[in-house]
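Peer 1: Can you keep this structure in mind? I'll have questions shortly.
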Amino acid sequence: MNDRADVPFVAEDNRVQVPAQTPAASRFIGQSIPRSSARKLLQGRGSYLDDIRVPRLAHVVFVRSPHAHARVLSLDLEEARGQPGVIAVVDGRALAAYCTPWVGVLGHLKGIKSAEQHAIAIERACWQGEAVAAIVAETRRQAEDAADHVLVDWDVLPAVTDMRAARDGALVIHPQLGDNICFHRELVTDGFEEAFAKADLVVEKTYDFARHTGVTNEPRAILADYNPAEHTLTVYHGTQAPNMMQDIFSRHLDIPESNVRVICKDVGGSFGIKVHVYADEMATAALSVMLRRPVKFVADRMESFLTDIHAREHTATIRLACTKDGEIIGFDLDDLTGIGPYSVYPRTSGIEGNQVVNLTGGPYRHKHYRAKLDVVFTNKNNTCQYRAVGHPIAMALTEGIVDEAARALKMDPAQFRRRNMIADDAYPYTFPSGLKFEKLSHHQCLDKLLATMDYDGLRAEQNRLREQGIYRGIGLAAMIEVTNPSPAFYGVGGARISAQDGATIRLDPTGMINVLVSVTEQGQGTEAVFAQVAATAVGVSMNRVRVITGDTAVTPYGGGTWASRGAGIGGEAVLQAGKALKSNILDVAAAILQADKESLDVRNDEVVDRLTGKVHMSLAEIGRVAYFRPDTLPMDFQSELTVTRHYTPREYGFTFTNGIQASLVEVDVETGFVKLLKHWCVEDCGTVINPMLVDEQIRGGIVQGIGGALFEECIYDDSGQLLNGSMADYLVPMSAEMPDIVVGHVETPTRTSELGAKGAGEAGTAGAPAAVMNAINDALAPLGANVAAQPFTPQRILRALGKV
């Protein structure tokens, strides 16, 4: 990074960035400006949760079930209580007096059900890793040593680990529920059967998706500090949704919400796994109340694999009907997903499967759709929302079966897509599942992708190499992405999860702009985006803006970070607050200058003449007069240099983005290894506020999607034991295996906000698995082989080739 103020920063794509000190930089939206927090983090000055120390801090570790399903016959805690440094040893029954249980259901998911879940299990553990006791000690090491002295007499029960067996219900995990069905949904459009019966071609395929997890750099962590004198609870938490957690701590610990403060400092990645309620984190907060002192819990990596939510365990059969000319008539989906023993609170574990039903077939114009979904309980770790919730499943099902249809018709897959994608001038558009699309750009994205990657040239090269026994494949995957969710996502179901976000912007006496936003920074760069929007709205340089997020005591109330909503919802709130503050600044300037407000403007930290650009005064002078010499202003005038604005999307349930990805791979048919040669993505996220950050998000998402496609899998045996719960055994994508990733953009701003921004954080993950899968199958097609079970390991590819 260049430190000189007079030298432009040059991004990797050769876009020259104007330095923030120059007059031309009064508008920053659309510029690739490095994130302001990068320097702090690179210098080791970040403040992550385990860095936080407070007086009288205690540490908690949990005694966890080694069995997937077992009854606790006896729990002997006495020996553990006598170990050095131990403050308390607590079981679930004792903690239940301080923390009420919860049930993860939503009213608009008709029929969804789940059993009550406690902070620490009482009498029975339902997955390997569920806590049955807590040890609180002066140090973590002392707590871990004491945990070895807890004696548990287990009655091991039969475990349900197979999704089909769970659906059949021969063994019911929670007898009070009657069966293992958490959520069931069916959808069918009028005339579906008749349309499929008349189709010239119906292709069908079953796809399997392995469960995997987020593997964040920083594990889950929480520090809860209860103050009995004031009946207040301060929680330092690596969470994506501070206000949601504030409400939950309040209700389940019986503390007034205004007495609960949640602080989210630097977070080492979340990817959706830190937006949920975890039993051990609730237990930590309850222990702080019980013991009247601060308590910290930091999950180690082994605990993370056992207890961080998993996602994406699906088996789905999909059919596509089309005419002999390649016109898609409709899709037929039957999806089965296993979620563990509980529906995760408060967002539920039914959302992922519900998203698959809503999104399958999304990029294509067709009128007929049937879908059936079964979400079932199993004795594995709980699953819930993880980056691009449901999208990778829906896109892989859609794009995989689209390629199968094109192959059966002997049509080029790009041309098959072009024939069937929703036209760019067909909006607004209502999809058969009921989703409403405001404005998408599938055809523009496809055209740009094919030109960028030289599709025809790659096809010619592919044919030449096949003659030499080299099997390369090209895979395409169109995608849609849910962003900027409205209250229809959670609020309508009764969950106290805010659909709005807020921003407070203040001009300080020195002319600095302070921006407080309810969206949290998880490493994705939202603070940089908000600074750019605020600087543009007010008319100041970037180095005059300071952004604060993640503190319920000082930031406005809002939803936080999830569903690619930060820029679209939080950014709009910042824009409107910034515009209002600018107007108020000009009111003060007009009063000082005794001038017409309309003749003034704010540019580059100064109040200027709107037409000539003549400088009248600095913002520091505005601040000095407003704060320290208001006696010099008219008697009937009061300056207002702190402004708060909120924004909630209402017109559409979601603001959809779209795009398309392509993958070029080479498959070694002797070893089954897949070499990723290159990957492309053209994406439309509306107004691009910071191209560099958007590209980072897209590339990072693609890598995460490739991880699910080729490497990542939480492997359980039939008894519910996780077999690869460590970084030595669980594979994640590494830089050496990743291809060059080329990112391009089409911009179709949403009209539901002035900023026009949609989300971009999950698009890469949504489409990458499908693109890689289609590329592998394209490479294997001349050999009559095909794979449909993710991850696509060498063993599975060799099995498809009939070599093992």
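In the structure tokens, chains take letters A, B, ... by order of appearance, with residues numbered from 1 within each chain and ligands from 1 in the order shown.
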Run DSSP on the backbone and tell me which residues of range 127-317 of chain A come out as alpha helix (DSSP H); list them as a PyMOL selection string.
Peer 2: chain A and resi 140-147+163-168+192-197+242-253+279-291+301-307
Peer 1: Find the residues near range 662-673 of chain A: any atom within 8 Å, counting only C-alpha atoms, skip ones fewer than 4 places away on the same chain, and give them as a ChimeraX atom specification.
Peer 2: /A:449,470-477,677-681,768,771-772,775-776,779-780,793-798,801
Peer 1: I need the residues from that last selection saved to file as an mmCIF file, in the first residue's frame (with N, CA, C and O atoms), if you can.
Peer 2:
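New file again21.cif:
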```
data_model
loop_
_atom_site.group_PDB
_atom_site.id
_atom_site.type_symbol
_atom_site.label_atom_id
_atom_site.label_comp_id
_atom_site.auth_asym_id
_atom_site.auth_seq_id
_atom_site.Cartn_x
_atom_site.Cartn_y
_atom_site.Cartn_z
ATOM 1 N N LEU A 449 -19.824 -12.357 -19.574
ATOM 2 C CA LEU A 449 -19.028 -13.509 -19.157
ATOM 3 C C LEU A 449 -18.426 -14.227 -20.352
ATOM 4 O O LEU A 449 -17.220 -14.523 -20.379
ATOM 5 N N ILE A 470 -6.384 -35.253 -22.889
ATOM 6 C CA ILE A 470 -6.449 -34.287 -21.784
ATOM 7 C C ILE A 470 -7.907 -33.835 -21.658
ATOM 8 O O ILE A 470 -8.492 -33.337 -22.623
ATOM 9 N N TYR A 471 -8.470 -34.017 -20.468
ATOM 10 C CA TYR A 471 -9.902 -33.805 -20.308
ATOM 11 C C TYR A 471 -10.161 -32.533 -19.490
ATOM 12 O O TYR A 471 -10.035 -32.514 -18.264
ATOM 13 N N ARG A 472 -10.460 -31.500 -20.221
ATOM 14 C CA ARG A 472 -10.844 -30.236 -19.598
ATOM 15 C C ARG A 472 -12.344 -30.045 -19.710
ATOM 16 O O ARG A 472 -12.981 -30.525 -20.655
ATOM 17 N N GLY A 473 -12.879 -29.316 -18.735
ATOM 18 C CA GLY A 473 -14.307 -29.053 -18.734
ATOM 19 C C GLY A 473 -14.603 -27.602 -18.456
ATOM 20 O O GLY A 473 -13.861 -26.919 -17.737
ATOM 21 N N ILE A 474 -15.689 -27.111 -19.046
ATOM 22 C CA ILE A 474 -16.158 -25.745 -18.850
ATOM 23 C C ILE A 474 -17.540 -25.822 -18.228
ATOM 24 O O ILE A 474 -18.442 -26.456 -18.783
ATOM 25 N N GLY A 475 -17.690 -25.200 -17.078
ATOM 26 C CA GLY A 475 -18.978 -25.229 -16.399
ATOM 27 C C GLY A 475 -19.532 -23.834 -16.214
ATOM 28 O O GLY A 475 -18.816 -22.914 -15.811
ATOM 29 N N LEU A 476 -20.806 -23.658 -16.504
ATOM 30 C CA LEU A 476 -21.505 -22.387 -16.305
ATOM 31 C C LEU A 476 -22.520 -22.536 -15.188
ATOM 32 O O LEU A 476 -23.066 -23.625 -14.976
ATOM 33 N N ALA A 477 -22.778 -21.450 -14.495
ATOM 34 C CA ALA A 477 -23.791 -21.467 -13.441
ATOM 35 C C ALA A 477 -24.366 -20.071 -13.270
ATOM 36 O O ALA A 477 -23.696 -19.170 -12.761
ATOM 37 N N LEU A 677 -8.302 -24.470 -13.192
ATOM 38 C CA LEU A 677 -7.451 -23.667 -14.077
ATOM 39 C C LEU A 677 -7.805 -22.191 -14.047
ATOM 40 O O LEU A 677 -6.914 -21.334 -14.044
ATOM 41 N N LYS A 678 -9.085 -21.871 -14.032
ATOM 42 C CA LYS A 678 -9.496 -20.467 -14.000
ATOM 43 C C LYS A 678 -10.973 -20.406 -13.636
ATOM 44 O O LYS A 678 -11.726 -21.366 -13.880
ATOM 45 N N HIS A 679 -11.365 -19.284 -13.056
ATOM 46 C CA HIS A 679 -12.761 -19.097 -12.668
ATOM 47 C C HIS A 679 -13.156 -17.668 -12.993
ATOM 48 O O HIS A 679 -12.374 -16.737 -12.794
ATOM 49 N N TRP A 680 -14.385 -17.510 -13.488
ATOM 50 C CA TRP A 680 -14.894 -16.185 -13.858
ATOM 51 C C TRP A 680 -16.229 -15.946 -13.152
ATOM 52 O O TRP A 680 -17.001 -16.884 -12.929
ATOM 53 N N CYS A 681 -16.488 -14.704 -12.849
ATOM 54 C CA CYS A 681 -17.789 -14.325 -12.303
ATOM 55 C C CYS A 681 -18.151 -12.935 -12.797
ATOM 56 O O CYS A 681 -17.346 -12.002 -12.699
ATOM 57 N N ALA A 768 -20.529 -20.870 -7.200
ATOM 58 C CA ALA A 768 -19.280 -21.586 -7.457
ATOM 59 C C ALA A 768 -19.426 -23.104 -7.461
ATOM 60 O O ALA A 768 -18.881 -23.779 -8.346
ATOM 61 N N ALA A 771 -20.868 -24.238 -10.779
ATOM 62 C CA ALA A 771 -19.958 -24.055 -11.911
ATOM 63 C C ALA A 771 -18.877 -25.135 -11.920
ATOM 64 O O ALA A 771 -18.545 -25.695 -12.970
ATOM 65 N N VAL A 772 -18.310 -25.424 -10.754
ATOM 66 C CA VAL A 772 -17.273 -26.459 -10.674
ATOM 67 C C VAL A 772 -17.852 -27.832 -11.016
ATOM 68 O O VAL A 772 -17.237 -28.614 -11.754
ATOM 69 N N ALA A 775 -18.371 -28.109 -14.685
ATOM 70 C CA ALA A 775 -17.100 -28.218 -15.398
ATOM 71 C C ALA A 775 -16.546 -29.630 -15.300
ATOM 72 O O ALA A 775 -16.044 -30.184 -16.290
ATOM 73 N N ILE A 776 -16.630 -30.237 -14.124
ATOM 74 C CA ILE A 776 -16.149 -31.618 -13.968
ATOM 75 C C ILE A 776 -16.946 -32.564 -14.849
ATOM 76 O O ILE A 776 -16.379 -33.405 -15.560
ATOM 77 N N ALA A 779 -16.029 -32.253 -18.397
ATOM 78 C CA ALA A 779 -14.771 -32.932 -18.700
ATOM 79 C C ALA A 779 -14.963 -34.440 -18.812
ATOM 80 O O ALA A 779 -14.318 -35.103 -19.641
ATOM 81 N N LEU A 780 -15.851 -34.992 -17.979
ATOM 82 C CA LEU A 780 -16.058 -36.440 -17.948
ATOM 83 C C LEU A 780 -17.036 -36.934 -19.005
ATOM 84 O O LEU A 780 -17.116 -38.146 -19.261
ATOM 85 N N THR A 793 -14.652 -35.588 -4.629
ATOM 86 C CA THR A 793 -13.325 -36.065 -4.250
ATOM 87 C C THR A 793 -12.759 -36.948 -5.358
ATOM 88 O O THR A 793 -13.502 -37.475 -6.201
ATOM 89 N N PRO A 794 -11.442 -37.122 -5.372
ATOM 90 C CA PRO A 794 -10.848 -38.043 -6.358
ATOM 91 C C PRO A 794 -11.475 -39.427 -6.312
ATOM 92 O O PRO A 794 -11.690 -40.051 -7.360
ATOM 93 N N GLN A 795 -11.775 -39.931 -5.132
ATOM 94 C CA GLN A 795 -12.370 -41.264 -5.017
ATOM 95 C C GLN A 795 -13.725 -41.317 -5.700
ATOM 96 O O GLN A 795 -14.043 -42.289 -6.398
ATOM 97 N N ARG A 796 -14.543 -40.275 -5.522
ATOM 98 C CA ARG A 796 -15.859 -40.272 -6.156
ATOM 99 C C ARG A 796 -15.741 -40.146 -7.669
ATOM 100 O O ARG A 796 -16.540 -40.732 -8.417
ATOM 101 N N ILE A 797 -14.771 -39.385 -8.127
ATOM 102 C CA ILE A 797 -14.585 -39.262 -9.574
ATOM 103 C C ILE A 797 -14.107 -40.578 -10.160
ATOM 104 O O ILE A 797 -14.596 -41.028 -11.218
ATOM 105 N N LEU A 798 -13.171 -41.245 -9.491
ATOM 106 C CA LEU A 798 -12.705 -42.557 -9.980
ATOM 107 C C LEU A 798 -13.832 -43.582 -9.945
ATOM 108 O O LEU A 798 -13.922 -44.447 -10.835
ATOM 109 N N LEU A 801 -15.886 -43.114 -12.902
ATOM 110 C CA LEU A 801 -15.184 -43.629 -14.084
ATOM 111 C C LEU A 801 -15.086 -45.150 -14.087
ATOM 112 O O LEU A 801 -14.555 -45.739 -15.038
#
```
Peer 1: Taking only C-alpha atoms into account, name the residue in A:Thr317, A:Thr398, A:Gln790, A:Ser583 that is nearest to Leu336 in chain A.
Peer 2: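 With only C-alpha atoms as the atom set, the closest residue is A:Thr317.
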Peer 1: Could you tell me which of A:Glu696, A:Glu218, A:Glu327, A:Glu621 comes closest to Gly761 in chain A if we count only C-alpha atoms?
Peer 2: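 Selected residue with least distance to Gly761 in chain A: A:Glu696.
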Peer 1: DSSP says strand (DSSP E) for which residues of range 523-677 of chain A? Put them as an MDAnalysis selection string?
Peer 2: chainID A and resid 545:549 600:603 606:609 615:618 642:647 655:667 674:677
Peer 1: For the selection just defined, write its residues with N, CA, C and O atoms to a file, as a compact mmCIF listing (two decimals), in the first residue's frame.
Peer 2:
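Output contents, as saved in out-v1.txt:
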```
# COMPACT_ATOMS: atom_id res chain seq x y z
N VAL A 545 -13.59 11.05 8.40
CA VAL A 545 -14.72 10.21 8.79
C VAL A 545 -14.24 9.09 9.71
O VAL A 545 -13.27 8.40 9.41
N ARG A 546 -14.94 8.92 10.81
CA ARG A 546 -14.67 7.83 11.75
C ARG A 546 -15.96 7.04 11.91
O ARG A 546 -17.01 7.60 12.17
N VAL A 547 -15.85 5.70 11.77
CA VAL A 547 -17.03 4.84 11.82
C VAL A 547 -16.98 3.98 13.08
O VAL A 547 -15.93 3.39 13.41
N ILE A 548 -18.09 3.90 13.78
CA ILE A 548 -18.23 3.07 14.99
C ILE A 548 -19.39 2.11 14.76
O ILE A 548 -20.49 2.52 14.37
N THR A 549 -19.16 0.84 15.00
CA THR A 549 -20.21 -0.18 14.87
C THR A 549 -20.17 -1.10 16.08
O THR A 549 -19.21 -1.12 16.84
N LEU A 600 -25.16 27.72 -1.02
CA LEU A 600 -24.00 27.13 -0.36
C LEU A 600 -23.92 25.64 -0.60
O LEU A 600 -24.91 24.98 -0.92
N ASP A 601 -22.71 25.11 -0.43
CA ASP A 601 -22.50 23.67 -0.55
C ASP A 601 -21.35 23.28 0.37
O ASP A 601 -20.59 24.15 0.85
N VAL A 602 -21.22 21.98 0.65
CA VAL A 602 -20.08 21.46 1.41
C VAL A 602 -19.23 20.62 0.47
O VAL A 602 -19.72 19.67 -0.13
N ARG A 603 -17.98 21.02 0.33
CA ARG A 603 -17.05 20.29 -0.53
C ARG A 603 -15.68 20.24 0.14
O ARG A 603 -15.18 21.27 0.60
N GLU A 606 -15.16 21.92 3.54
CA GLU A 606 -15.38 23.37 3.65
C GLU A 606 -16.75 23.74 3.10
O GLU A 606 -17.30 23.06 2.22
N VAL A 607 -17.27 24.82 3.60
CA VAL A 607 -18.49 25.40 3.05
C VAL A 607 -18.08 26.36 1.94
O VAL A 607 -17.24 27.25 2.14
N VAL A 608 -18.66 26.14 0.76
CA VAL A 608 -18.25 26.92 -0.41
C VAL A 608 -19.48 27.49 -1.10
O VAL A 608 -20.62 27.10 -0.83
N ASP A 609 -19.22 28.43 -2.00
CA ASP A 609 -20.28 28.93 -2.87
C ASP A 609 -20.62 27.84 -3.87
O ASP A 609 -19.74 27.29 -4.53
N VAL A 615 -14.40 29.47 -1.23
CA VAL A 615 -14.44 28.95 0.13
C VAL A 615 -14.91 30.03 1.10
O VAL A 615 -14.36 31.14 1.14
N HIS A 616 -15.92 29.67 1.90
CA HIS A 616 -16.43 30.59 2.92
C HIS A 616 -15.85 30.28 4.29
O HIS A 616 -15.41 31.18 5.01
N MET A 617 -15.86 29.01 4.68
CA MET A 617 -15.34 28.64 6.00
C MET A 617 -15.17 27.12 6.06
O MET A 617 -15.76 26.37 5.27
N SER A 618 -14.38 26.69 7.00
CA SER A 618 -14.15 25.25 7.19
C SER A 618 -15.25 24.66 8.07
O SER A 618 -15.96 25.38 8.79
N THR A 642 -26.15 16.61 15.03
CA THR A 642 -26.22 15.16 15.20
C THR A 642 -27.54 14.70 14.60
O THR A 642 -28.60 15.21 14.97
N VAL A 643 -27.46 13.75 13.68
CA VAL A 643 -28.65 13.32 12.93
C VAL A 643 -28.72 11.80 12.93
O VAL A 643 -27.69 11.12 12.77
N THR A 644 -29.90 11.24 13.10
CA THR A 644 -30.11 9.80 13.02
C THR A 644 -31.17 9.50 11.96
O THR A 644 -32.21 10.17 11.92
N ARG A 645 -30.89 8.54 11.13
CA ARG A 645 -31.86 8.08 10.14
C ARG A 645 -31.87 6.55 10.12
O ARG A 645 -30.85 5.90 10.36
N HIS A 646 -33.03 5.97 9.80
CA HIS A 646 -33.17 4.53 9.66
C HIS A 646 -33.69 4.21 8.26
O HIS A 646 -34.30 5.07 7.60
N TYR A 647 -33.46 2.98 7.85
CA TYR A 647 -34.00 2.54 6.56
C TYR A 647 -34.47 1.10 6.66
O TYR A 647 -33.77 0.24 7.22
N THR A 655 -34.35 -7.78 -2.12
CA THR A 655 -33.76 -7.13 -3.29
C THR A 655 -32.79 -8.14 -3.91
O THR A 655 -31.72 -8.39 -3.36
N PHE A 656 -33.18 -8.72 -5.01
CA PHE A 656 -32.37 -9.79 -5.61
C PHE A 656 -31.22 -9.23 -6.44
O PHE A 656 -31.37 -8.23 -7.14
N THR A 657 -30.10 -9.89 -6.32
CA THR A 657 -29.01 -9.68 -7.25
C THR A 657 -28.93 -10.89 -8.16
O THR A 657 -29.58 -11.91 -7.94
N ASN A 658 -28.10 -10.79 -9.18
CA ASN A 658 -27.94 -11.93 -10.09
C ASN A 658 -26.54 -11.91 -10.68
O ASN A 658 -25.78 -10.95 -10.52
N GLY A 659 -26.21 -12.95 -11.37
CA GLY A 659 -24.91 -13.04 -12.03
C GLY A 659 -24.74 -14.40 -12.65
O GLY A 659 -25.67 -15.21 -12.71
N ILE A 660 -23.52 -14.66 -13.11
CA ILE A 660 -23.22 -15.96 -13.69
C ILE A 660 -21.73 -16.23 -13.49
O ILE A 660 -20.90 -15.32 -13.52
N GLN A 661 -21.41 -17.49 -13.25
CA GLN A 661 -20.03 -17.90 -13.05
C GLN A 661 -19.64 -18.96 -14.08
O GLN A 661 -20.50 -19.64 -14.64
N ALA A 662 -18.35 -19.08 -14.27
CA ALA A 662 -17.81 -20.12 -15.16
C ALA A 662 -16.55 -20.68 -14.53
O ALA A 662 -15.76 -19.95 -13.92
N SER A 663 -16.37 -21.97 -14.68
CA SER A 663 -15.19 -22.64 -14.15
C SER A 663 -14.53 -23.45 -15.26
O SER A 663 -15.21 -24.09 -16.07
N LEU A 664 -13.21 -23.38 -15.30
CA LEU A 664 -12.42 -24.19 -16.23
C LEU A 664 -11.57 -25.14 -15.40
O LEU A 664 -10.77 -24.69 -14.57
N VAL A 665 -11.76 -26.43 -15.61
CA VAL A 665 -11.03 -27.43 -14.83
C VAL A 665 -10.38 -28.44 -15.76
O VAL A 665 -10.75 -28.58 -16.94
N GLU A 666 -9.42 -29.15 -15.20
CA GLU A 666 -8.82 -30.29 -15.89
C GLU A 666 -8.87 -31.48 -14.95
O GLU A 666 -8.42 -31.38 -13.79
N VAL A 667 -9.42 -32.58 -15.41
CA VAL A 667 -9.57 -33.77 -14.59
C VAL A 667 -8.54 -34.81 -15.02
O VAL A 667 -8.47 -35.17 -16.21
N VAL A 674 -8.85 -33.05 -9.54
CA VAL A 674 -9.37 -31.93 -10.32
C VAL A 674 -8.43 -30.74 -10.15
O VAL A 674 -8.14 -30.33 -9.02
N LYS A 675 -7.97 -30.20 -11.24
CA LYS A 675 -7.15 -29.00 -11.21
C LYS A 675 -7.99 -27.83 -11.67
O LYS A 675 -8.54 -27.84 -12.77
N LEU A 676 -8.09 -26.84 -10.81
CA LEU A 676 -8.85 -25.63 -11.15
C LEU A 676 -7.95 -24.70 -11.96
O LEU A 676 -6.94 -24.21 -11.45
N LEU A 677 -8.30 -24.47 -13.19
CA LEU A 677 -7.45 -23.67 -14.08
C LEU A 677 -7.80 -22.19 -14.05
O LEU A 677 -6.91 -21.33 -14.04
```
Peer 1: Which residues are close to Arg565 in chain A, i.e. within 8 Å by only C-alpha atoms, leaving aside same-chain residues fewer than 6 positions away? Reply as number ranges by chain.
Peer 2: A: 483-485, 758-759
Peer 1: Can you write out the residues you just picked, keeping N, CA and C atoms, as an mmCIF file, in the first residue's frame?
Peer 2:
```cif
data_model
loop_
_atom_site.group_PDB
_atom_site.id
_atom_site.type_symbol
_atom_site.label_atom_id
_atom_site.label_comp_id
_atom_site.auth_asym_id
_atom_site.auth_seq_id
_atom_site.Cartn_x
_atom_site.Cartn_y
_atom_site.Cartn_z
ATOM 1 N N THR A 483 -30.849 -10.558 -1.120
ATOM 2 C CA THR A 483 -30.171 -9.530 -0.327
ATOM 3 C C THR A 483 -31.215 -8.552 0.210
ATOM 4 N N ASN A 484 -30.773 -7.676 1.103
ATOM 5 C CA ASN A 484 -31.620 -6.613 1.659
ATOM 6 C C ASN A 484 -33.003 -7.130 2.081
ATOM 7 N N PRO A 485 -33.057 -8.149 2.953
ATOM 8 C CA PRO A 485 -34.360 -8.725 3.303
ATOM 9 C C PRO A 485 -35.248 -7.741 4.051
ATOM 10 N N LYS A 758 -27.320 -3.186 -3.828
ATOM 11 C CA LYS A 758 -27.790 -4.504 -3.427
ATOM 12 C C LYS A 758 -26.626 -5.187 -2.692
ATOM 13 N N GLY A 759 -26.828 -6.414 -2.276
ATOM 14 C CA GLY A 759 -25.773 -7.127 -1.565
ATOM 15 C C GLY A 759 -24.841 -7.853 -2.512
#
```
Peer 1: Go through range 25-88 of chain A residue by residue and, counting only C-alpha atoms, keep those with an atom at most 7 Å from range 271-295 of chain A; for each kept residue give the shortest atom pair and its distance in Å to one decimal, ordered by chain and increasing number, as JSON lines.
Peer 2:
```
{"residue": "A:Arg56", "atom": "CA", "partner": "A:Arg293", "partner_atom": "CA", "distance": 6.6}
{"residue": "A:Leu57", "atom": "CA", "partner": "A:Pro294", "partner_atom": "CA", "distance": 5.0}
{"residue": "A:Ala58", "atom": "CA", "partner": "A:Val295", "partner_atom": "CA", "distance": 4.7}
{"residue": "A:His59", "atom": "CA", "partner": "A:Val295", "partner_atom": "CA", "distance": 5.4}
{"residue": "A:Val60", "atom": "CA", "partner": "A:Val295", "partner_atom": "CA", "distance": 6.7}
```
Peer 1: Excluding range 711-716 of chain A and residues on its chain fewer than 3 positions from it, collect all residues at most 9 Å away from it, counting only C-alpha atoms, and give them as a PyMOL selection string.
Peer 2: chain A and resi 161+209-213+305+310+380+706-708+719-725+730-733+790-793
Peer 1: Which residues are close to Tyr627 in chain A, i.e. within 10 Å by only C-alpha atoms, leaving aside same-chain residues fewer than 4 positions away? Reply as a ChimeraX atom specification.
Peer 2: /A:508-509,621-623,631,639-641
Peer 1: For Asp155 in chain A, which residue among A:Asn514, A:Thr189, A:Ser74, A:Asn180 is the nearest when counting only C-alpha atoms?
Peer 2: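 For Asp155 in chain A, the nearest of the candidates is A:Ser74.
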Peer 1: Rank A:Gly326, A:Pro34, A:Gly362, A:Gly268 by their smallest atom-to-atom distance to Phe416 in chain A, using only C-alpha atoms, and report the top residue only.
Peer 2: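 Among the listed residues, the smallest separation from Phe416 in chain A belongs to A:Gly326.
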Peer 1: Just want the 6 Å neighbourhood of range 65-71 of chain A, counted on only C-alpha atoms, with same-chain residues fewer than 3 positions away dropped. Output as a list of chain:residue names.
Peer 2: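 Listing them by chain and then by number gives A:Glu123, A:Arg124, A:Ala125, A:Cys126, A:Trp127, A:Gln128, A:Gly129, A:Glu130, A:Trp154, A:Asp155, A:Val156, A:Leu157, A:Ala159, A:Asn379, A:Gly720.
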Peer 1: How many Å separate CA of Val188 in chain A from CA of Thr323 in chain A?
Peer 2: 20.2 Å
Peer 1: Tell me which protein, DNA and RNA residues are within 12 Å of range 43-51 of chain A, counting only C-alpha atoms, leaving out same-chain ones fewer than 3 positions away, and put them as an MDAnalysis selection string.
Peer 2: chainID A and resid 37:40 54 57 59 140 217:224 235:239 263:269 295:300 522:523
Peer 1: What is the distance, in Å and to one decimal place, between CA of Gly338 in chain A and CA of Ala165 in chain A?
Peer 2: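 Distance reported for this atom pair: 10.5 Å.
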Peer 1: At what distance in Å, to one decimal, does CA of Thr337 in chain A lie from CA of Ala166 in chain A?
Peer 2: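 Going from CA of Ala166 in chain A over to CA of Thr337 in chain A, I get 10.1 Å.
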Peer 1: When distances are computed from only C-alpha atoms, which of A:Leu306, A:Met453, A:Val150, A:Leu397 shows the smallest separation from Lys205 in chain A?
Peer 2: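 Closest to Lys205 in chain A of all the choices is A:Leu397.
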